[in-house]
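Enquirer: Below: one structure in structure tokens.
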Amino acid sequence: MDWKTRWKAAFAFAALILPAGHSARAYAQTRPEAPPFDASRITMQPPPPEGVAIRAGRLFDPRTGTNLANQVIVIQGERIADVGPADRVKIPAGARVIDMSNATVLPGLIDRHVHLMQNQEPNDARALIVGQHYALADLFAGFTTLQDLNSPFTYATVELRDAINKGMIVGPRLQVTGPGLTPRGATYYAAPSEVGVFGQVPGMPVWQNSQNVNSPWLARAAVREHSHYGTDWIKIYETEDYEGSGYPVPSGGGAFMPDGKMITVPSLTLEENQAIVDEAHKRGLKVACHAYGGEGLRICLQAGVDMPIHVIVGVTGAPGLDDETIRLFKVPLADGTLRPVNQTLWDLAGPLDDIDMKVSGGKTSRFRLTESSFKRLVAAGVTETFGSGAYTVGHGVQAYQFPIYVQWGLSPAKALQMATSDAAATLNYDLGKQIGYVEKGKFADLVAVSGNPLEDISEMERVKFVMKGGVVYRNDLK
């Protein structure tokens, strides 16, 4: 055996014996962070009265998971008027023609988990400006629809959504939760100097921690408050990241014991969760729950929440999930549908991954454990929806998750469906019926890349064209 053959054999053997989390660890270490976004990079070209026609060399079709060749997309106003083969679809006289014959056109991307107003600002006016800034960074990267899943200090995401919908300011389509329900944190809180309800004493004026959901009746009241303030969703923080004054230490953060066991202390009782879900559904709202695993995840699934988030270990705390977790996922919701799952990657990588590894004694992290749970859920037929958890420096770079999905076993087509058709399907109200596909009657939300993402999924990190509602916001394919 020559030296080349020996090396090949050695590498092949190493690939077999390396732990499953090795690739996840590499991705976590190389998480991209976006530089400050310059909003002047956005260019707005509204459609003329005669309409717009796009010549697409390749058009990704989420229904078949294939690229359709030599297509024409006709747009009138904010919607698609016709789409099909170039020899069938007639381009209206006077329409603006955008030639993307050498590119791949796709439906606008959807990120079902972002935080546009993560940090406390001096006032809601500043929060709204910051939130729009991050939303524009996501739009420029091709994410024409976002779901904001918790703004701890403000309801200003509601105002941002409404201003965009009314055409007062520019931004992607939004569905929002407002502040999350239940007090939680990375460590325990400093005790106040005067007696009062947790979260409502001086020094803790945070919406997320002040809504007092410590009974089913108070939980219903909190949902009603969200409904009165105009949210689309309710988000429950179902698991804590610490156990009393024990682990992790206050200065450390993380969600693990020193032996590598994940901390999954439930934040609410089953009865409180059931009250939240029931009250939300009566008011036309959907419910998402942040649940790492354990009893908190079990409660979340039993209560009938519409979209569990993270699902890193099973309801028994088992890495890689367990049969009971899969069984609970397979129980239909009240409307007869099966719930999707939203497993973020960007937010669990980078500094948080380093903290997890430190706190767990180098044994594991949330990012590493997500790989095995992701594979188990996909194998069980649970629908994965694209969600990044992006905040501050994560907006505009979340497409780095696409290559990870493929590395974890998805086909490029299925990875694209996660952020298009699958992400659209379970949005609230009828928004999901109007986006996620490039089809007649749907919103003209489109993105394009130079190459073919079915051959090289990393193309999604290099979006060159963005249209939302018929308006071109970016075109670097000229």
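Residue names in the structure tokens use chain letters A, B, ... in the order shown, residue numbers from 1 in each chain, and ligand numbers from 1 in the order shown.
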Would you kindly return, as a ChimeraX atom specification, each protein, DNA or RNA residue with an atom no farther than 10 Å from any atom of Gln120 (chain A), considering only C-alpha atoms and excluding same-chain residues fewer than 3 positions away?
Expert: /A:117,123-124,126-127,151-154,206
Enquirer: What's around Thr177 (chain A) at 12 Å? Count only C-alpha atoms, leave out sequence neighbours fewer than 4 positions away in its own chain, and write the answer as a ChimeraX atom specification.
Expert: /A:112-117,146-152,154-159,161,181,208,223,225-227,229-236,280,285-289,428
Enquirer: Write out as a ChimeraX atom specification which residues come within 10 Å of Met467 (chain A) when counting only C-alpha atoms, dropping same-chain ones fewer than 4 positions away.
Expert: /A:44-46,78,107-108,139-140,142-144,443-448,471-475
Enquirer: I'd like the neighbourhood of region 382-398 of chain A as a ChimeraX atom specification, where a residue qualifies if any of its atoms comes within 7 Å (using only C-alpha atoms), though same-chain residues fewer than 2 positions away should be ignored.
Expert: /A:32-35,111-116,118,134,137-138,141,340-347,377-378,380,400-401,418-419,422-423
Enquirer: With only C-alpha atoms as the basis for distance, which of A:Pro453, A:Pro308, A:Asp259, A:Tyr429 is at the shortest distance from Gly361 (chain A)?
Expert: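 Looking only at the distances to Gly361 (chain A), the closest residue turns out to be A:Asp259.
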Enquirer: Would you mind listing what lies within 12 Å of Met357 (chain A) as a PyMOL selection string, with only C-alpha atoms counted and same-chain residues fewer than 3 positions away left out?
Expert: chain A and resi 25+28-29+248+252-262+348-354+360-369
Enquirer: Taking only C-alpha atoms into account, which of A:Pro403, A:Pro319, A:Gly409, A:Pro36 comes nearest Ser372 (chain A)?
Expert: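 Under the stated criterion, the closest residue is A:Pro319.
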Enquirer: Just asking: which residues within region 277-414 of chain A are alpha helix (DSSP H) according to DSSP, as a PyMOL selection string?
Expert: chain A and resi 277-282+294-302+323-329+351-359+366-379+401-407+412-414
Enquirer: Would you compute the distance between CA of Asp456 (chain A) and CA of Pro412 (chain A)? Give it in Å to one decimal.
Expert: 7.9 Å
Enquirer: Check region 82-297 of chain A with DSSP on the backbone and list each residue it calls strand (DSSP E), as a ChimeraX atom specification.
Expert: /A:82-85,96-107,109-114,143-148,173-176,233-237,286-291
Enquirer: With a distance cut-off of 10 Å and only C-alpha atoms, select the neighbouring residues of Asn67 (chain A), excluding the residue or stretch itself and same-chain residues fewer than 4 positions from it, and output the selection as a list in words.
Expert: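 My list of contacting residues is Gly57, Arg58, Leu59, Phe60, Asp61, Pro62, Gln71, Thr104, Val105, Leu106, Ala413, Asn452, Pro453 and Leu454 of chain A.
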Enquirer: Write out the residues from the selection above, keeping C-alpha atoms, as a PDB file, in the first residue's frame.
Expert:
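Writing done, so here's part.pdb:
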ATOM      1  CA  GLY A  57     -33.272  31.223 -16.803  1.00  0.00           C
ATOM      2  CA  ARG A  58     -34.071  29.011 -13.820  1.00  0.00           C
ATOM      3  CA  LEU A  59     -37.084  29.343 -11.510  1.00  0.00           C
ATOM      4  CA  PHE A  60     -37.130  27.325  -8.289  1.00  0.00           C
ATOM      5  CA  ASP A  61     -40.509  25.651  -7.766  1.00  0.00           C
ATOM      6  CA  PRO A  62     -41.055  24.614  -4.125  1.00  0.00           C
ATOM      7  CA  GLN A  71     -39.680  31.046 -17.492  1.00  0.00           C
ATOM      8  CA  THR A 104     -31.917  31.458 -10.607  1.00  0.00           C
ATOM      9  CA  VAL A 105     -35.089  33.140  -9.363  1.00  0.00           C
ATOM     10  CA  LEU A 106     -36.739  31.950  -6.138  1.00  0.00           C
ATOM     11  CA  ALA A 413     -34.257  21.631  -2.547  1.00  0.00           C
ATOM     12  CA  ASN A 452     -27.766  27.320  -9.207  1.00  0.00           C
ATOM     13  CA  PRO A 453     -28.457  26.696  -5.500  1.00  0.00           C
ATOM     14  CA  LEU A 454     -29.576  23.141  -6.251  1.00  0.00           C
TER      15      LEU A 454
END
Enquirer: So that I can see what lies close to Val213 (chain A), please list as a PyMOL selection string the residues with an atom at most 7 Å from it, counting only C-alpha atoms and leaving out residues fewer than 2 positions away in the same chain.
Expert: chain A and resi 182+211+215+218-219+222
